[in-house]
$ cat data-v6.cif   # mmCIF, N, CA and C atoms
data_model
#
loop_
_atom_site.group_PDB
_atom_site.id
_atom_site.type_symbol
_atom_site.label_atom_id
_atom_site.label_comp_id
_atom_site.auth_asym_id
_atom_site.auth_seq_id
_atom_site.Cartn_x
_atom_site.Cartn_y
_atom_site.Cartn_z
ATOM 1 N N MET A 1 0.847 -1.175 0.000
ATOM 2 C CA MET A 1 0.000 0.000 0.000
ATOM 3 C C MET A 1 0.886 1.230 0.000
ATOM 4 N N LYS A 2 0.533 2.186 -0.808
ATOM 5 C CA LYS A 2 1.317 3.404 -0.886
ATOM 6 C C LYS A 2 0.657 4.470 -0.015
ATOM 7 N N ILE A 3 1.410 4.956 0.949
ATOM 8 C CA ILE A 3 0.940 6.017 1.832
ATOM 9 C C ILE A 3 1.702 7.274 1.456
ATOM 10 N N VAL A 4 0.963 8.336 1.130
ATOM 11 C CA VAL A 4 1.587 9.590 0.700
ATOM 12 C C VAL A 4 1.141 10.731 1.598
ATOM 13 N N LYS A 5 2.024 11.686 1.784
ATOM 14 C CA LYS A 5 1.724 12.852 2.614
ATOM 15 C C LYS A 5 1.086 13.919 1.752
ATOM 16 N N GLY A 6 -0.125 14.345 2.142
ATOM 17 C CA GLY A 6 -0.782 15.452 1.469
ATOM 18 C C GLY A 6 -0.346 16.750 2.128
ATOM 19 N N ALA A 7 -1.097 17.809 1.910
ATOM 20 C CA ALA A 7 -0.761 19.104 2.495
ATOM 21 C C ALA A 7 -0.754 19.048 4.021
ATOM 22 N N GLU A 8 -1.730 18.339 4.595
ATOM 23 C CA GLU A 8 -1.831 18.305 6.053
ATOM 24 C C GLU A 8 -1.932 16.903 6.639
ATOM 25 N N GLU A 9 -2.269 15.926 5.828
ATOM 26 C CA GLU A 9 -2.440 14.574 6.361
ATOM 27 C C GLU A 9 -2.048 13.527 5.334
ATOM 28 N N TYR A 10 -1.919 12.304 5.806
ATOM 29 C CA TYR A 10 -1.540 11.196 4.937
ATOM 30 C C TYR A 10 -2.750 10.619 4.212
ATOM 31 N N HIS A 11 -2.478 10.091 3.013
ATOM 32 C CA HIS A 11 -3.493 9.464 2.176
ATOM 33 C C HIS A 11 -3.003 8.093 1.730
ATOM 34 N N LEU A 12 -3.942 7.217 1.513
ATOM 35 C CA LEU A 12 -3.669 5.911 0.942
ATOM 36 C C LEU A 12 -3.961 6.008 -0.548
ATOM 37 N N ARG A 13 -2.978 5.703 -1.382
ATOM 38 C CA ARG A 13 -3.163 5.701 -2.843
ATOM 39 C C ARG A 13 -3.034 4.273 -3.338
ATOM 40 N N ARG A 14 -4.059 3.837 -4.062
ATOM 41 C CA ARG A 14 -4.044 2.473 -4.605
ATOM 42 C C ARG A 14 -4.752 2.440 -5.944
ATOM 43 N N HIS A 15 -4.345 1.486 -6.759
ATOM 44 C CA HIS A 15 -5.065 1.228 -8.002
ATOM 45 C C HIS A 15 -6.362 0.503 -7.658
ATOM 46 N N VAL A 16 -7.406 0.827 -8.380
ATOM 47 C CA VAL A 16 -8.687 0.151 -8.196
ATOM 48 C C VAL A 16 -8.569 -1.237 -8.831
ATOM 49 N N PRO A 17 -8.874 -2.290 -8.066
ATOM 50 C CA PRO A 17 -8.814 -3.634 -8.647
ATOM 51 C C PRO A 17 -9.754 -3.751 -9.865
ATOM 52 N N VAL A 18 -9.316 -4.492 -10.861
ATOM 53 C CA VAL A 18 -10.086 -4.659 -12.108
ATOM 54 C C VAL A 18 -11.514 -5.117 -11.816
ATOM 55 N N ARG A 19 -11.699 -5.935 -10.797
ATOM 56 C CA ARG A 19 -13.024 -6.439 -10.424
ATOM 57 C C ARG A 19 -14.046 -5.314 -10.260
ATOM 58 N N TYR A 20 -13.592 -4.118 -9.849
ATOM 59 C CA TYR A 20 -14.511 -3.016 -9.533
ATOM 60 C C TYR A 20 -14.564 -1.938 -10.615
ATOM 61 N N HIS A 21 -13.927 -2.136 -11.743
ATOM 62 C CA HIS A 21 -13.921 -1.124 -12.797
ATOM 63 C C HIS A 21 -15.322 -0.811 -13.317
ATOM 64 N N GLY A 22 -16.229 -1.750 -13.229
ATOM 65 C CA GLY A 22 -17.588 -1.505 -13.712
ATOM 66 C C GLY A 22 -18.401 -0.578 -12.819
ATOM 67 N N ILE A 23 -17.983 -0.417 -11.567
ATOM 68 C CA ILE A 23 -18.731 0.430 -10.627
ATOM 69 C C ILE A 23 -17.922 1.615 -10.124
ATOM 70 N N GLU A 24 -16.642 1.653 -10.470
ATOM 71 C CA GLU A 24 -15.761 2.735 -10.025
ATOM 72 C C GLU A 24 -15.097 3.361 -11.238
ATOM 73 N N SER A 25 -15.349 4.643 -11.464
ATOM 74 C CA SER A 25 -14.795 5.305 -12.647
ATOM 75 C C SER A 25 -13.318 5.651 -12.488
ATOM 76 N N ARG A 26 -12.871 5.830 -11.258
ATOM 77 C CA ARG A 26 -11.458 6.144 -11.029
ATOM 78 C C ARG A 26 -10.625 4.866 -11.166
ATOM 79 N N ARG A 27 -9.419 4.993 -11.655
ATOM 80 C CA ARG A 27 -8.521 3.842 -11.750
ATOM 81 C C ARG A 27 -7.496 3.842 -10.619
ATOM 82 N N VAL A 28 -7.250 5.013 -10.064
ATOM 83 C CA VAL A 28 -6.399 5.161 -8.884
ATOM 84 C C VAL A 28 -7.195 5.995 -7.896
ATOM 85 N N ILE A 29 -7.242 5.542 -6.639
ATOM 86 C CA ILE A 29 -7.971 6.310 -5.639
ATOM 87 C C ILE A 29 -7.024 6.771 -4.545
ATOM 88 N N SER A 30 -7.385 7.870 -3.942
ATOM 89 C CA SER A 30 -6.644 8.434 -2.820
ATOM 90 C C SER A 30 -7.653 8.611 -1.689
ATOM 91 N N ILE A 31 -7.393 7.950 -0.567
ATOM 92 C CA ILE A 31 -8.308 7.996 0.571
ATOM 93 C C ILE A 31 -7.582 8.630 1.749
ATOM 94 N N SER A 32 -8.170 9.657 2.328
ATOM 95 C CA SER A 32 -7.552 10.308 3.479
ATOM 96 C C SER A 32 -7.495 9.343 4.660
ATOM 97 N N LEU A 33 -6.343 9.317 5.317
ATOM 98 C CA LEU A 33 -6.187 8.504 6.525
ATOM 99 C C LEU A 33 -6.417 9.347 7.776
ATOM 100 N N LYS A 34 -6.725 10.622 7.567
ATOM 101 C CA LYS A 34 -7.119 11.553 8.631
ATOM 102 C C LYS A 34 -6.129 11.601 9.793
ATOM 103 N N THR A 35 -4.850 11.646 9.441
ATOM 104 C CA THR A 35 -3.807 11.777 10.457
ATOM 105 C C THR A 35 -2.566 12.411 9.838
ATOM 106 N N ASP A 36 -1.813 13.109 10.667
ATOM 107 C CA ASP A 36 -0.542 13.664 10.208
ATOM 108 C C ASP A 36 0.638 12.838 10.726
ATOM 109 N N SER A 37 0.333 11.707 11.337
ATOM 110 C CA SER A 37 1.343 10.803 11.870
ATOM 111 C C SER A 37 1.539 9.621 10.915
ATOM 112 N N LEU A 38 2.771 9.421 10.476
ATOM 113 C CA LEU A 38 3.042 8.318 9.555
ATOM 114 C C LEU A 38 2.757 6.967 10.207
ATOM 115 N N SER A 39 3.137 6.801 11.464
ATOM 116 C CA SER A 39 2.889 5.509 12.116
ATOM 117 C C SER A 39 1.390 5.244 12.263
ATOM 118 N N GLU A 40 0.614 6.272 12.579
ATOM 119 C CA GLU A 40 -0.839 6.104 12.671
ATOM 120 C C GLU A 40 -1.434 5.821 11.286
ATOM 121 N N ALA A 41 -0.904 6.487 10.265
ATOM 122 C CA ALA A 41 -1.366 6.251 8.889
ATOM 123 C C ALA A 41 -1.131 4.793 8.495
ATOM 124 N N ARG A 42 0.029 4.272 8.853
ATOM 125 C CA ARG A 42 0.323 2.858 8.554
ATOM 126 C C ARG A 42 -0.650 1.933 9.285
ATOM 127 N N ASN A 43 -0.945 2.272 10.542
ATOM 128 C CA ASN A 43 -1.894 1.458 11.315
ATOM 129 C C ASN A 43 -3.294 1.477 10.718
ATOM 130 N N ARG A 44 -3.705 2.607 10.196
ATOM 131 C CA ARG A 44 -5.070 2.758 9.669
ATOM 132 C C ARG A 44 -5.239 2.246 8.243
ATOM 133 N N SER A 45 -4.171 2.186 7.483
ATOM 134 C CA SER A 45 -4.284 1.943 6.044
ATOM 135 C C SER A 45 -5.004 0.640 5.697
ATOM 136 N N GLU A 46 -4.701 -0.446 6.385
ATOM 137 C CA GLU A 46 -5.318 -1.741 6.060
ATOM 138 C C GLU A 46 -6.830 -1.714 6.286
ATOM 139 N N SER A 47 -7.265 -1.176 7.429
ATOM 140 C CA SER A 47 -8.705 -1.167 7.713
ATOM 141 C C SER A 47 -9.451 -0.195 6.788
ATOM 142 N N VAL A 48 -8.808 0.904 6.425
ATOM 143 C CA VAL A 48 -9.430 1.851 5.485
ATOM 144 C C VAL A 48 -9.598 1.182 4.120
ATOM 145 N N TRP A 49 -8.585 0.433 3.689
ATOM 146 C CA TRP A 49 -8.683 -0.280 2.411
ATOM 147 C C TRP A 49 -9.773 -1.351 2.472
ATOM 148 N N GLU A 50 -9.853 -2.073 3.578
ATOM 149 C CA GLU A 50 -10.893 -3.095 3.735
ATOM 150 C C GLU A 50 -12.287 -2.473 3.687
ATOM 151 N N GLU A 51 -12.455 -1.291 4.272
ATOM 152 C CA GLU A 51 -13.745 -0.589 4.203
ATOM 153 C C GLU A 51 -14.091 -0.240 2.760
ATOM 154 N N GLN A 52 -13.092 0.215 2.000
ATOM 155 C CA GLN A 52 -13.340 0.559 0.602
ATOM 156 C C GLN A 52 -13.744 -0.677 -0.193
ATOM 157 N N ILE A 53 -13.049 -1.769 0.018
ATOM 158 C CA ILE A 53 -13.393 -3.028 -0.664
ATOM 159 C C ILE A 53 -14.821 -3.433 -0.311
ATOM 160 N N ALA A 54 -15.198 -3.300 0.960
ATOM 161 C CA ALA A 54 -16.556 -3.649 1.397
ATOM 162 C C ALA A 54 -17.592 -2.788 0.681
ATOM 163 N N ARG A 55 -17.314 -1.485 0.508
ATOM 164 C CA ARG A 55 -18.257 -0.611 -0.216
ATOM 165 C C ARG A 55 -18.412 -1.080 -1.660
ATOM 166 N N TRP A 56 -17.306 -1.411 -2.301
ATOM 167 C CA TRP A 56 -17.382 -1.899 -3.686
ATOM 168 C C TRP A 56 -18.122 -3.223 -3.765
ATOM 169 N N GLU A 57 -17.870 -4.116 -2.835
ATOM 170 C CA GLU A 57 -18.559 -5.413 -2.837
ATOM 171 C C GLU A 57 -20.065 -5.222 -2.671
ATOM 172 N N THR A 58 -20.461 -4.319 -1.791
ATOM 173 C CA THR A 58 -21.883 -4.026 -1.601
ATOM 174 C C THR A 58 -22.484 -3.497 -2.893
ATOM 175 N N ALA A 59 -21.761 -2.603 -3.550
ATOM 176 C CA ALA A 59 -22.243 -2.049 -4.814
ATOM 177 C C ALA A 59 -22.389 -3.140 -5.870
ATOM 178 N N LEU A 60 -21.458 -4.076 -5.908
ATOM 179 C CA LEU A 60 -21.563 -5.189 -6.863
ATOM 180 C C LEU A 60 -22.777 -6.060 -6.571
ATOM 181 N N LYS A 61 -23.008 -6.362 -5.295
ATOM 182 C CA LYS A 61 -24.119 -7.238 -4.905
ATOM 183 C C LYS A 61 -25.469 -6.599 -5.163
ATOM 184 N N THR A 62 -25.574 -5.296 -4.915
ATOM 185 C CA THR A 62 -26.855 -4.612 -5.077
ATOM 186 C C THR A 62 -27.068 -4.121 -6.503
ATOM 187 N N GLY A 63 -25.981 -4.073 -7.271
ATOM 188 C CA GLY A 63 -26.098 -3.596 -8.645
ATOM 189 C C GLY A 63 -26.158 -2.086 -8.751
ATOM 190 N N THR A 64 -25.935 -1.394 -7.648
ATOM 191 C CA THR A 64 -25.952 0.064 -7.670
ATOM 192 C C THR A 64 -24.768 0.599 -6.874
ATOM 193 N N ALA A 65 -24.128 1.556 -7.443
ATOM 194 C CA ALA A 65 -23.024 2.217 -6.740
ATOM 195 C C ALA A 65 -23.537 3.528 -6.163
ATOM 196 N N ILE A 66 -23.161 3.809 -4.947
ATOM 197 C CA ILE A 66 -23.534 5.089 -4.342
ATOM 198 C C ILE A 66 -22.468 6.097 -4.755
ATOM 199 N N PRO A 67 -22.865 7.127 -5.488
ATOM 200 C CA PRO A 67 -21.875 8.111 -5.912
ATOM 201 C C PRO A 67 -21.198 8.767 -4.710
ATOM 202 N N ARG A 68 -19.937 9.081 -4.883
ATOM 203 C CA ARG A 68 -19.144 9.693 -3.817
ATOM 204 C C ARG A 68 -19.797 10.974 -3.292
ATOM 205 N N ALA A 69 -20.310 11.800 -4.191
ATOM 206 C CA ALA A 69 -20.943 13.052 -3.778
ATOM 207 C C ALA A 69 -22.183 12.780 -2.925
ATOM 208 N N SER A 70 -22.939 11.754 -3.277
ATOM 209 C CA SER A 70 -24.127 11.393 -2.509
ATOM 210 C C SER A 70 -23.748 10.937 -1.102
ATOM 211 N N TYR A 71 -22.695 10.176 -0.996
ATOM 212 C CA TYR A 71 -22.209 9.715 0.303
ATOM 213 C C TYR A 71 -21.814 10.909 1.171
ATOM 214 N N LYS A 72 -21.050 11.833 0.604
ATOM 215 C CA LYS A 72 -20.627 13.017 1.354
ATOM 216 C C LYS A 72 -21.829 13.862 1.760
ATOM 217 N N ALA A 73 -22.811 13.976 0.893
ATOM 218 C CA ALA A 73 -24.018 14.743 1.208
ATOM 219 C C ALA A 73 -24.796 14.087 2.341
ATOM 220 N N THR A 74 -24.838 12.767 2.349
ATOM 221 C CA THR A 74 -25.532 12.037 3.414
ATOM 222 C C THR A 74 -24.852 12.273 4.753
ATOM 223 N N VAL A 75 -23.535 12.220 4.780
ATOM 224 C CA VAL A 75 -22.792 12.471 6.017
ATOM 225 C C VAL A 75 -23.023 13.909 6.475
ATOM 226 N N ALA A 76 -23.003 14.860 5.553
ATOM 227 C CA ALA A 76 -23.232 16.268 5.894
ATOM 228 C C ALA A 76 -24.639 16.475 6.451
ATOM 229 N N SER A 77 -25.637 15.828 5.857
ATOM 230 C CA SER A 77 -27.014 15.946 6.348
ATOM 231 C C SER A 77 -27.147 15.374 7.756
ATOM 232 N N ALA A 78 -26.520 14.238 7.993
ATOM 233 C CA ALA A 78 -26.556 13.631 9.324
ATOM 234 C C ALA A 78 -25.922 14.559 10.350
ATOM 235 N N THR A 79 -24.817 15.174 9.979
ATOM 236 C CA THR A 79 -24.123 16.097 10.881
ATOM 237 C C THR A 79 -25.015 17.283 11.230
ATOM 238 N N LYS A 80 -25.725 17.814 10.253
ATOM 239 C CA LYS A 80 -26.635 18.942 10.500
ATOM 240 C C LYS A 80 -27.745 18.558 11.472
ATOM 241 N N LEU A 81 -28.125 17.292 11.456
ATOM 242 C CA LEU A 81 -29.171 16.815 12.359
ATOM 243 C C LEU A 81 -28.623 16.437 13.733
ATOM 244 N N GLY A 82 -27.331 16.609 13.916
ATOM 245 C CA GLY A 82 -26.722 16.284 15.201
ATOM 246 C C GLY A 82 -26.323 14.824 15.333
ATOM 247 N N ILE A 83 -26.348 14.103 14.233
ATOM 248 C CA ILE A 83 -25.965 12.691 14.242
ATOM 249 C C ILE A 83 -24.479 12.616 13.929
ATOM 250 N N VAL A 84 -23.741 11.964 14.794
ATOM 251 C CA VAL A 84 -22.300 11.849 14.595
ATOM 252 C C VAL A 84 -22.031 10.632 13.718
ATOM 253 N N TYR A 85 -21.387 10.874 12.589
ATOM 254 C CA TYR A 85 -21.024 9.779 11.693
ATOM 255 C C TYR A 85 -19.666 9.247 12.108
ATOM 256 N N LEU A 86 -19.570 7.943 12.250
ATOM 257 C CA LEU A 86 -18.288 7.297 12.539
ATOM 258 C C LEU A 86 -18.049 6.195 11.520
ATOM 259 N N PRO A 87 -16.849 6.150 10.966
ATOM 260 C CA PRO A 87 -16.520 5.027 10.082
ATOM 261 C C PRO A 87 -16.557 3.723 10.877
ATOM 262 N N THR A 88 -16.726 2.615 10.200
ATOM 263 C CA THR A 88 -16.838 1.334 10.890
ATOM 264 C C THR A 88 -15.634 1.016 11.756
ATOM 265 N N VAL A 89 -14.469 1.501 11.364
ATOM 266 C CA VAL A 89 -13.268 1.274 12.167
ATOM 267 C C VAL A 89 -13.439 1.892 13.557
ATOM 268 N N LYS A 90 -13.990 3.100 13.608
ATOM 269 C CA LYS A 90 -14.196 3.791 14.886
ATOM 270 C C LYS A 90 -15.321 3.140 15.682
ATOM 271 N N VAL A 91 -16.366 2.704 15.015
ATOM 272 C CA VAL A 91 -17.483 2.032 15.699
ATOM 273 C C VAL A 91 -16.989 0.750 16.354
ATOM 274 N N ALA A 92 -16.132 0.032 15.664
ATOM 275 C CA ALA A 92 -15.592 -1.224 16.208
ATOM 276 C C ALA A 92 -14.774 -0.991 17.470
ATOM 277 N N GLU A 93 -14.228 0.210 17.636
ATOM 278 C CA GLU A 93 -13.419 0.532 18.808
ATOM 279 C C GLU A 93 -14.263 0.969 20.012
ATOM 280 N N LEU A 94 -15.549 1.232 19.795
ATOM 281 C CA LEU A 94 -16.403 1.704 20.888
ATOM 282 C C LEU A 94 -16.657 0.575 21.900
ATOM 283 N N PRO A 95 -16.794 0.929 23.171
ATOM 284 C CA PRO A 95 -17.092 -0.107 24.173
ATOM 285 C C PRO A 95 -18.520 -0.632 23.986
ATOM 286 N N MET A 96 -18.706 -1.877 24.312
ATOM 287 C CA MET A 96 -20.030 -2.488 24.231
ATOM 288 C C MET A 96 -20.834 -2.065 25.460
ATOM 289 N N PRO A 97 -22.128 -1.767 25.285
ATOM 290 C CA PRO A 97 -22.978 -1.467 26.452
ATOM 291 C C PRO A 97 -23.110 -2.702 27.330
ATOM 292 N N ASP A 98 -23.299 -2.481 28.604
ATOM 293 C CA ASP A 98 -23.422 -3.601 29.554
ATOM 294 C C ASP A 98 -24.666 -4.453 29.336
ATOM 295 N N ASP A 99 -25.730 -3.847 28.784
ATOM 296 C CA ASP A 99 -26.986 -4.558 28.650
ATOM 297 C C ASP A 99 -27.140 -5.312 27.328
ATOM 298 N N VAL A 100 -26.091 -5.458 26.592
ATOM 299 C CA VAL A 100 -26.169 -6.169 25.302
ATOM 300 C C VAL A 100 -25.756 -7.607 25.489
#
$ encode --input "data-v6.cif" --output "C-alpha cells"
Amino acid sequence: MKIVKGAEEYHLRRHVPVRYHGIESRRVISISLKTDSLSEARNRSESVWEEQIARWETALKTGTAIPRASYKATVASATKLGIVYLPTVKVAELPMPDDV
C-alpha cells in the first residue's frame, strides 16, 4: 500500500482492482487517513482499504453504486441533524454497552 503525505495529512493511494472497474470510474484512488502521523497512517491503512473493498462489494451485490458526492451529502445531512457519523473502524473501537 502506498501512503503519501498530502498538504496536512496522509493518504492511501491504490489502483482500483479490475473487479470493480464496472462500478468505479477512477482507476487510482486516494483515501484520506485523517492523520498527520506516519505511524498512525500505517496502522489505519489496512482497515481503510478493507472498508473501501466492502463498499465496492456491496455495490456489486446490489447492482448500484452510491456516488461519492451522494455519500458526502448524506454524512453532511446527518451532521446537520446532530448525528455523529463514525466510520466502521471507529465504531468497532467503541465499548459495548453492559446490557447487550
$ resolve_selection --input "data-v6.cif" --expression "the PyMOL selection byres ((chain A and resi 15) around 6.5)" --output "NGL selection string"
:A and (13-14 or 16-17 or 27-29)
$ select_by_dssp --input "data-v6.cif" --residues "chain A" --states "strand (DSSP E or B)" --output "list in words"
Lys2, Ile3, Val4, Lys5, Tyr10, His11, Leu12, Arg13, Arg14, His15, Val28, Ile29, Ser30, Ile31 and Ser32 of chain A
$ select_by_dssp --input "data-v6.cif" --residues "chain A" --states "alpha helix (DSSP H)" --output "PyMOL selection string"
chain A and resi 38-62+68-80+88-93
$ residues_around --input "data-v6.cif" --residues "Ala76 (chain A)" --least-positions-apart "5" --cutoff "9 Å" --atoms "only C-alpha atoms" --output "list in words"
Tyr71, Leu81 and Tyr85 of chain A
$ residues_around --input "data-v6.cif" --residues "region 36-42 of chain A" --least-positions-apart "2" --cutoff "9 Å" --atoms "only C-alpha atoms" --output "list of chain:residue names"
A:Ile3, A:Lys5, A:Gly6, A:Glu8, A:Glu9, A:Tyr10, A:His11, A:Leu12, A:Leu33, A:Lys34, A:Arg44, A:Ser45, A:Glu46
$ atom_distance --input "data-v6.cif" --atom1 "CA of Ser32 (chain A)" --atom2 "CA of Ala73 (chain A)"
17.2 Å
$ atom_distance --input "data-v6.cif" --atom1 "atom C of Tyr20 (chain A)" --atom2 "atom N of Arg55 (chain A)"
11.5 Å
$ closest_residue --input "data-v6.cif" --among "A:Lys80, A:Val75, A:Ser25, A:Thr88" --to "Ala54 (chain A)" --atoms "only C-alpha atoms"
A:Thr88
$ atom_distance --input "data-v6.cif" --atom1 "CA of Arg19 (chain A)" --atom2 "CA of Gly63 (chain A)"
13.5 Å
$ axis_aligned_box --input "data-v6.cif" --around "region 24-37 of chain A" --padding-each-side "8 Å" --output "lines of an AutoDock Vina configuration file"
center_x = -7.6
center_y = 7.7
center_z = -0.4
size_x = 34.2
size_y = 28.0
size_z = 40.5
